[in-house]
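Q: Structure: query32.txt, compact mmCIF, C-alpha atoms.
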# COMPACT_ATOMS: atom_id res chain seq x y z
CA MET A 493 -146.77 200.13 61.39
CA ARG A 494 -145.66 203.38 63.01
CA HIS A 495 -142.21 201.92 63.51
CA SER A 496 -141.88 201.02 59.80
CA THR A 497 -142.95 204.50 58.70
CA LEU A 498 -140.34 206.10 60.99
CA SER A 499 -137.53 203.87 59.68
CA LEU A 500 -138.45 204.67 56.09
CA GLY A 501 -138.39 208.38 56.85
CA LEU A 502 -134.95 208.21 58.45
CA ALA A 503 -133.57 206.29 55.47
CA MET A 504 -134.92 208.91 53.05
CA LEU A 505 -133.38 211.74 55.12
CA ALA A 506 -129.97 209.94 55.11
CA ALA A 507 -130.10 209.41 51.34
CA SER A 508 -130.99 213.04 50.78
CA ALA A 509 -128.10 214.22 52.96
CA LEU A 510 -125.68 211.91 51.12
CA ALA A 511 -126.84 213.19 47.75
CA GLN A 512 -126.19 216.78 48.80
CA THR A 513 -122.59 216.01 49.96
CA PRO A 514 -120.14 217.14 47.22
CA ALA A 515 -117.89 214.45 45.67
CA PRO A 516 -114.20 214.59 46.77
CA VAL A 517 -111.85 216.27 44.30
CA ILE A 518 -108.79 214.09 43.44
CA PRO A 519 -105.87 215.97 41.84
CA GLU A 520 -104.34 214.66 38.61
CA SER A 521 -100.98 214.10 40.35
CA ALA A 522 -102.55 211.33 42.41
CA TYR A 523 -103.10 209.18 39.32
CA ARG A 524 -100.42 206.95 37.72
CA GLN A 525 -99.92 208.57 34.37
CA GLY A 526 -99.26 206.26 31.44
CA MET A 527 -99.93 203.09 33.45
CA PRO A 528 -102.69 200.52 32.76
CA ASP A 529 -105.76 200.40 34.96
CA THR A 530 -105.26 198.29 38.08
CA ILE A 531 -108.40 196.28 37.39
CA THR A 532 -107.10 195.33 33.94
CA PRO A 533 -105.26 191.95 33.97
CA PRO A 534 -101.57 192.27 33.09
CA PRO A 535 -100.59 191.31 29.52
CA VAL A 536 -99.27 187.81 28.97
CA ALA A 537 -95.47 187.86 28.76
CA VAL A 538 -94.12 186.79 25.37
CA SER A 539 -91.43 184.10 25.39
CA THR A 540 -87.91 185.53 25.36
CA GLY A 541 -86.46 182.49 23.60
CA PRO A 542 -85.50 182.27 19.93
CA GLN A 543 -87.82 181.01 17.24
CA PHE A 544 -87.49 177.41 18.41
CA ASN A 545 -90.44 175.10 17.89
CA ARG A 546 -89.81 172.16 20.22
CA SER A 547 -92.57 169.97 18.82
CA GLY A 548 -91.52 170.76 15.25
CA PHE A 549 -87.92 169.84 16.02
CA SER A 550 -88.97 166.60 17.71
CA SER A 551 -90.90 165.61 14.60
CA ALA A 552 -87.99 166.40 12.27
CA TYR A 553 -85.54 164.58 14.56
CA ALA A 554 -87.77 161.50 14.68
CA ARG A 555 -88.19 161.45 10.89
CA ALA A 556 -84.40 161.55 10.54
CA GLY A 557 -84.13 158.39 12.64
CA ARG A 558 -83.05 160.10 15.90
CA PRO A 559 -79.34 160.19 14.97
CA THR A 560 -76.82 160.17 17.80
CA ILE A 561 -74.64 163.29 18.08
CA ALA A 562 -71.08 163.34 19.43
CA VAL A 563 -70.22 166.62 21.17
CA LEU A 564 -66.75 168.15 21.16
CA TRP A 565 -66.91 170.89 23.80
CA ASN A 566 -64.35 173.63 23.10
CA ARG A 567 -62.37 171.14 21.04
CA GLU A 568 -61.88 171.02 17.28
CA PHE A 569 -61.96 167.96 15.06
CA THR A 570 -58.76 169.02 13.30
CA ASP A 571 -56.91 167.59 10.32
CA MET A 572 -54.18 166.17 12.58
CA LEU A 573 -54.08 162.57 11.30
CA GLN A 574 -51.83 160.95 13.85
CA GLN A 575 -49.58 161.70 16.77
CA GLN A 576 -45.93 162.27 16.00
CA SER A 577 -43.19 160.86 18.24
CA ALA A 578 -40.12 162.80 19.26
CA SER A 579 -37.15 162.23 21.55
CA GLN A 580 -36.93 164.58 24.48
CA VAL A 581 -33.83 165.12 26.60
CA SER A 582 -34.04 166.84 29.98
CA ILE A 583 -30.97 168.07 31.84
CA ASP A 584 -31.29 168.99 35.52
CA THR A 585 -28.32 170.55 37.29
CA LEU A 586 -28.06 170.99 41.04
CA ARG A 587 -25.25 172.91 42.71
CA ALA A 588 -24.55 173.46 46.41
CA GLY A 589 -21.78 175.48 48.01
CA ALA A 590 -20.31 175.75 51.50
CA ALA A 591 -17.76 178.15 52.97
CA SER A 592 -16.03 178.58 56.33
CA GLY A 593 -13.70 181.22 57.74
CA GLU A 594 -11.27 181.46 60.68
CA ALA A 595 -9.53 184.55 62.09
CA VAL A 596 -6.73 184.85 64.70
CA ARG A 597 -5.89 188.08 66.45
CA VAL A 598 -3.03 188.61 68.94
CA PRO A 599 -1.29 191.86 69.92
CA GLY A 600 0.74 192.93 66.96
CA TYR A 601 -0.48 190.11 64.70
CA SER A 602 -3.70 189.04 62.95
CA ALA A 603 -4.46 186.32 60.40
CA ALA A 604 -7.55 184.98 58.63
CA GLN A 605 -8.27 181.86 56.60
CA VAL A 606 -11.29 181.17 54.38
CA SER A 607 -12.12 177.83 52.72
CA GLY A 608 -15.03 176.76 50.55
CA ALA A 609 -16.34 173.90 48.47
CA THR A 610 -18.88 173.51 45.65
CA ILE A 611 -20.76 170.31 44.88
CA GLY A 612 -22.59 169.83 41.53
CA ASN A 613 -24.93 167.12 40.26
CA THR A 614 -26.27 166.81 36.68
CA THR A 615 -29.10 164.43 35.65
CA ILE A 616 -29.84 163.68 32.00
CA THR A 617 -33.21 162.07 31.15
CA SER A 618 -34.17 160.83 27.70
CA GLN A 619 -37.70 159.79 26.76
CA GLU A 620 -40.07 159.43 23.81
CA VAL A 621 -43.04 161.84 23.75
CA LYS A 622 -46.06 162.17 21.44
CA THR A 623 -47.43 165.41 20.08
CA GLN A 624 -50.76 166.60 21.43
CA GLN A 625 -53.47 168.67 19.80
CA ALA A 626 -53.33 172.26 20.98
CA GLN A 627 -55.98 173.10 23.57
CA ARG A 628 -58.21 176.12 23.18
CA ASN A 629 -58.57 178.86 25.75
CA GLY A 630 -61.94 178.95 27.47
CA PRO A 631 -63.74 180.55 30.40
CA VAL A 632 -62.68 179.78 33.95
CA GLU A 633 -63.90 176.40 35.13
CA ARG A 634 -66.96 177.55 37.10
CA VAL A 635 -68.19 179.64 34.15
CA ASP A 636 -67.43 176.88 31.66
CA LEU A 637 -69.30 174.28 33.70
CA GLN A 638 -72.38 176.50 34.08
CA MET A 639 -72.47 177.18 30.35
CA ARG A 640 -71.85 173.53 29.44
CA SER A 641 -74.48 172.12 31.81
CA ALA A 642 -77.16 174.56 30.60
CA PHE A 643 -76.31 173.80 26.96
CA MET A 644 -76.25 170.02 27.37
CA GLN A 645 -79.38 169.86 29.52
CA THR A 646 -81.36 171.90 26.99
CA ILE A 647 -80.22 169.60 24.17
CA THR A 648 -80.97 166.35 26.00
CA SER A 649 -84.32 167.59 27.37
CA SER A 650 -85.41 168.00 23.75
CA GLY A 651 -84.93 164.27 23.19
CA VAL A 652 -81.56 164.42 21.41
CA LYS A 653 -79.20 161.49 22.00
CA LEU A 654 -75.74 162.88 22.80
CA VAL A 655 -72.49 160.88 22.83
CA ASP A 656 -69.64 161.79 25.18
CA ARG A 657 -66.27 161.82 23.43
CA ASN A 658 -64.16 160.70 26.39
CA VAL A 659 -66.35 157.71 27.27
CA VAL A 660 -66.43 156.23 23.76
CA MET A 661 -62.69 156.81 23.34
CA ARG A 662 -61.87 154.94 26.54
CA THR A 663 -64.16 152.02 25.71
CA THR A 664 -62.81 151.81 22.17
CA ALA A 665 -59.18 151.89 23.32
CA ALA A 666 -59.87 149.18 25.91
CA LYS A 667 -60.88 146.76 23.15
CA GLN A 668 -57.73 147.33 21.10
CA LYS A 669 -54.81 145.02 21.75
CA GLY A 670 -51.18 146.00 21.83
CA GLY A 671 -49.42 149.14 22.97
CA GLY A 672 -48.66 152.42 21.28
CA LEU A 673 -52.23 153.66 20.93
CA ASP A 674 -52.67 156.71 18.75
CA SER A 675 -55.28 159.09 20.23
CA GLN A 676 -56.23 160.54 16.84
CA GLN A 677 -57.01 157.09 15.45
CA VAL A 678 -58.85 156.03 18.60
CA GLU A 679 -60.95 159.21 18.53
CA THR A 680 -61.94 158.71 14.90
CA ASP A 681 -62.81 155.04 15.40
CA ALA A 682 -64.88 155.83 18.50
CA LEU A 683 -66.86 158.70 16.99
CA THR A 684 -67.67 156.95 13.70
CA LYS A 685 -68.79 153.84 15.59
CA HIS A 686 -71.05 155.47 18.17
CA ALA A 687 -72.36 158.65 16.47
CA LYS A 688 -73.96 159.74 13.21
CA LEU A 689 -73.42 163.48 13.60
CA LEU A 690 -70.57 165.56 15.03
CA MET A 691 -71.23 168.79 16.93
CA GLU A 692 -68.28 171.13 17.59
CA VAL A 693 -68.95 173.76 20.25
CA LEU A 694 -66.21 176.41 20.39
CA ASN A 695 -66.26 179.29 22.88
CA THR A 696 -64.46 182.52 22.05
CA ARG A 697 -64.15 185.94 23.68
CA ASP A 698 -66.60 188.56 22.43
CA ALA A 699 -66.95 191.99 24.05
CA ALA A 700 -70.42 192.41 22.49
CA SER A 701 -71.78 189.40 24.39
CA PRO A 702 -73.55 190.01 27.73
CA THR A 703 -71.24 187.44 29.36
CA GLY A 704 -68.08 188.31 27.40
CA TRP A 705 -68.14 184.95 25.56
CA ALA A 706 -69.69 183.86 22.29
CA THR A 707 -70.20 180.35 20.94
CA TYR A 708 -69.64 178.92 17.47
CA VAL A 709 -71.45 175.65 16.72
CA SER A 710 -70.93 173.42 13.67
CA ILE A 711 -72.83 170.20 12.97
CA LYS A 712 -71.55 167.72 10.36
CA ARG A 713 -72.32 164.21 9.17
CA LEU A 714 -69.53 161.82 10.13
CA ALA A 715 -70.20 159.49 7.20
CA ASP A 716 -69.35 162.01 4.48
CA GLY A 717 -68.40 165.27 6.24
CA VAL A 718 -71.42 167.19 4.93
CA VAL A 719 -72.02 170.37 6.95
CA LEU A 720 -75.64 170.49 8.11
CA ALA A 721 -75.69 173.67 10.19
CA GLU A 722 -73.42 176.39 11.53
CA GLY A 723 -74.01 179.39 13.76
CA TYR A 724 -72.21 182.12 15.69
CA MET A 725 -74.22 183.06 18.78
CA ASP A 726 -73.28 185.72 21.31
CA GLY A 727 -76.12 185.20 23.78
CA ARG A 728 -78.30 188.05 22.49
CA LEU A 729 -81.75 187.68 21.00
CA PRO A 730 -82.21 188.44 17.30
CA GLU A 731 -83.55 191.87 16.44
CA ASP A 732 -86.86 190.42 15.18
CA ALA A 733 -87.37 188.20 18.24
CA PRO A 734 -90.51 189.01 20.31
CA LYS A 735 -89.79 191.01 23.45
CA PRO A 736 -91.49 190.32 26.79
CA ALA A 737 -93.92 192.82 28.29
CA PRO A 738 -92.05 195.17 30.67
CA ARG A 739 -92.44 194.64 34.39
CA PHE A 740 -92.21 197.39 37.00
CA GLU A 741 -91.61 197.68 40.72
CA ALA A 742 -91.86 200.49 43.24
CA ASP A 743 -88.83 202.79 43.25
CA PRO A 744 -87.63 203.82 46.75
CA ARG A 745 -87.00 207.30 45.32
CA GLY A 746 -90.60 207.54 44.19
CA GLY A 747 -92.59 206.30 41.24
CA PHE A 748 -91.81 203.06 39.47
CA ARG A 749 -88.81 201.51 37.72
CA GLU A 750 -88.56 198.71 35.17
CA ILE A 751 -87.33 195.34 36.40
CA VAL A 752 -84.27 194.33 34.38
CA LYS A 753 -83.10 190.76 34.91
CA PRO A 754 -79.33 190.35 34.37
CA VAL A 755 -78.24 187.78 31.79
CA THR A 756 -76.48 184.80 33.40
CA VAL A 757 -74.10 182.27 31.90
CA GLY A 758 -76.79 179.62 32.29
CA ASP A 759 -79.26 181.75 30.33
CA THR A 760 -76.69 182.12 27.55
CA GLY A 761 -76.01 178.37 27.43
CA LYS A 762 -79.73 177.60 27.18
CA LEU A 763 -80.30 180.24 24.50
CA VAL A 764 -77.37 178.97 22.40
CA ALA A 765 -78.68 175.40 22.68
CA GLU A 766 -82.16 176.41 21.51
CA GLN A 767 -80.75 178.39 18.60
CA THR A 768 -78.59 175.38 17.69
CA LEU A 769 -81.59 173.03 17.74
CA ALA A 770 -83.57 175.45 15.59
CA ARG A 771 -80.82 175.37 12.95
CA LEU A 772 -80.49 171.58 13.17
CA GLY A 773 -84.26 171.15 12.80
CA GLU A 774 -84.22 173.22 9.61
CA ALA A 775 -81.35 171.10 8.25
CA LEU A 776 -83.14 167.83 9.02
CA ASN A 777 -86.30 169.08 7.26
CA ARG A 778 -84.41 169.76 4.02
Could I get this file's structure written as structure tokens?

A:
Amino acid sequence: MRHSTLSLGLAMLAASALAQTPAPVIPESAYRQGMPDTITPPPVAVSTGPQFNRSGFSSAYARAGRPTIAVLWNREFTDMLQQQSASQVSIDTLRAGAASGEAVRVPGYSAAQVSGATIGNTTITSQEVKTQQAQRNGPVERVDLQMRSAFMQTITSSGVKLVDRNVVMRTTAAKQKGGGLDSQQVETDALTKHAKLLMEVLNTRDAASPTGWATYVSIKRLADGVVLAEGYMDGRLPEDAPKPAPRFEADPRGGFREIVKPVTVGDTGKLVAEQTLARLGEALNR
């Protein structure tokens, strides 16, 4: 009993001493001004993508019968109806020369003799050539492949059935008999047979784009040529698009700095694909 009374007295003395100890003074400079409380959970980041409703697009695409889409990457479906033939003549000329000299010197006399020869060969080649559609300038291959893969993967992952131009052209040409195939005719036959819609994706230089390249996309119906959707996209979000909550990291010089993620070519390809699908979904709902 005595032991319990002593313990209780010691505890009361300790509490009294603690109550009389002044609270530590923390200067204002020690606090993070303008920052949220550390015990408050961080805000949920808002999606940085465009106003693309994946489920809404899937519904519109299904109601339209899931049409197949042929993609022309950095290639136009021009009004060139057929290939023209022309005769081409090539002339190659090759010339070779040789020279020799001889000199004789004796006291009171000197003589020299020089001789040379030239041999020439001319080859003339004649052949028939066909005109080709002019090719567009595009990014270097590694940049083009990154942009293309991100664009295509985003489209296909949304359930869209894409048709490759080169594959259907080769299979169509293999079934045609006789020589003298016309690539314009083969392309038209292949696309109209295997696809319902045509998507032209044209890349062009644009200094305002984060990557230096912008993309123009046009989607048409192959049956009647009706334009369903068009868009010029430079890889930047629209002004009214929701912005993500800023993120910060410790600055080696003191304080904090905002984390800014650089825009990659893959990000641009994905963003352009989502903006394209958003436009196509609106067209299919009309």

Q: Counting all atoms listed in the file, which residues of region 651-699 of chain A fall within 7 Å of region 713-722 of chain A, and what is the closest atom pair for each with its distance in Å at one decimal, ordered by chain and rising number, as CSV?

A:
residue,atom,partner,partner_atom,distance
A:Thr684,CA,A:Leu714,CA,6.3
A:Lys688,CA,A:Leu714,CA,5.8
A:Leu689,CA,A:Arg713,CA,4.6
A:Leu690,CA,A:Leu714,CA,6.3

Q: Around the point (-71.2, 171.5, 27.3) in the file's coordinates, collect all residues with an atom within 9 Å, using only C-alpha atoms, and return them as a PDB file with C-alpha atoms, in the coordinates of the input.

A:
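File selection-v2.pdb, as written:
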ATOM      1  CA  VAL A 563     -70.220 166.620  21.170  1.00  0.00           C
ATOM      2  CA  LEU A 564     -66.750 168.150  21.160  1.00  0.00           C
ATOM      3  CA  TRP A 565     -66.910 170.890  23.800  1.00  0.00           C
ATOM      4  CA  ASN A 566     -64.350 173.630  23.100  1.00  0.00           C
ATOM      5  CA  ASP A 636     -67.430 176.880  31.660  1.00  0.00           C
ATOM      6  CA  LEU A 637     -69.300 174.280  33.700  1.00  0.00           C
ATOM      7  CA  GLN A 638     -72.380 176.500  34.080  1.00  0.00           C
ATOM      8  CA  MET A 639     -72.470 177.180  30.350  1.00  0.00           C
ATOM      9  CA  ARG A 640     -71.850 173.530  29.440  1.00  0.00           C
ATOM     10  CA  SER A 641     -74.480 172.120  31.810  1.00  0.00           C
ATOM     11  CA  ALA A 642     -77.160 174.560  30.600  1.00  0.00           C
ATOM     12  CA  PHE A 643     -76.310 173.800  26.960  1.00  0.00           C
ATOM     13  CA  MET A 644     -76.250 170.020  27.370  1.00  0.00           C
ATOM     14  CA  GLN A 645     -79.380 169.860  29.520  1.00  0.00           C
ATOM     15  CA  VAL A 693     -68.950 173.760  20.250  1.00  0.00           C
ATOM     16  CA  GLY A 761     -76.010 178.370  27.430  1.00  0.00           C
TER      17      GLY A 761
END

Q: So how far away is CA of Arg728 (chain A) from CA of Arg558 (chain A), in Å?

A: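 Separation of CA of Arg558 (chain A) and CA of Arg728 (chain A): 29.1 Å.
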
Q: Skip Ile616 (chain A) itself and residues of its chain fewer than 4 positions away, then list as a list in words all residues within 10 Å of it, counting all atoms listed in the file.

A: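 Here the answer would be Val581, Ser582, Ile583, Asp584 and Thr585 of chain A.
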
Q: Write out as an MDAnalysis selection string which residues come within 8 Å of Lys653 (chain A) when counting all atoms listed in the file, dropping same-chain ones fewer than 2 positions away.

A: chainID A and resid 558:561 648 651 655

Q: For those residues, write C-alpha atoms to a file as a PDB file, in the coordinates of the input.

A:
ATOM      1  CA  ARG A 558     -83.050 160.100  15.900  1.00  0.00           C
ATOM      2  CA  PRO A 559     -79.340 160.190  14.970  1.00  0.00           C
ATOM      3  CA  THR A 560     -76.820 160.170  17.800  1.00  0.00           C
ATOM      4  CA  ILE A 561     -74.640 163.290  18.080  1.00  0.00           C
ATOM      5  CA  THR A 648     -80.970 166.350  26.000  1.00  0.00           C
ATOM      6  CA  GLY A 651     -84.930 164.270  23.190  1.00  0.00           C
ATOM      7  CA  VAL A 655     -72.490 160.880  22.830  1.00  0.00           C
TER       8      VAL A 655
END

Q: Rounded to one decimal in Å, what is the spacing between CA of Gly758 (chain A) and CA of Asn695 (chain A)?

A: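 Atom-to-atom, CA of Gly758 (chain A) and CA of Asn695 (chain A) are spaced 14.1 Å apart.
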
Q: Go ahead and compute the interatomic distance for CA of Lys667 (chain A) and CA of Ala687 (chain A), in Å to one decimal.

A: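 These two atoms are separated by 17.8 Å.
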
Q: If you count all atoms listed in the file, which residues fall within 7 Å of Val709 (chain A), apart from same-chain ones fewer than 5 positions away, as a VMD selection string?

A: chain A and resid 691 to 694 722 to 724

Q: May I have the residues within 10 Å of Asp698 (chain A) as a PDB file with C-alpha atoms, keeping the file's coordinate frame, using only C-alpha atoms and disregarding those fewer than 5 positions away in the same chain?

A:
ATOM      1  CA  THR A 703     -71.240 187.440  29.360  1.00  0.00           C
ATOM      2  CA  GLY A 704     -68.080 188.310  27.400  1.00  0.00           C
ATOM      3  CA  TRP A 705     -68.140 184.950  25.560  1.00  0.00           C
ATOM      4  CA  ALA A 706     -69.690 183.860  22.290  1.00  0.00           C
ATOM      5  CA  THR A 707     -70.200 180.350  20.940  1.00  0.00           C
ATOM      6  CA  ASP A 726     -73.280 185.720  21.310  1.00  0.00           C
TER       7      ASP A 726
END

Q: With distances taken over only C-alpha atoms, which of A:Asp674, A:Val755, A:Phe544, A:Ser701 is nearest to Thr768 (chain A)?

A: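 Closest to Thr768 (chain A) of all the choices is A:Phe544.
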
Q: I'd like the contact shell of Lys685 (chain A) - 10 Å cut-off, only C-alpha atoms, skipping same-chain residues fewer than 6 positions apart - returned as a PDB file with C-alpha atoms, keeping the file's coordinate frame.

A:
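Full text of result-v9.pdb as output:
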ATOM      1  CA  VAL A 660     -66.430 156.230  23.760  1.00  0.00           C
ATOM      2  CA  THR A 664     -62.810 151.810  22.170  1.00  0.00           C
ATOM      3  CA  GLU A 679     -60.950 159.210  18.530  1.00  0.00           C
ATOM      4  CA  LEU A 714     -69.530 161.820  10.130  1.00  0.00           C
TER       5      LEU A 714
END
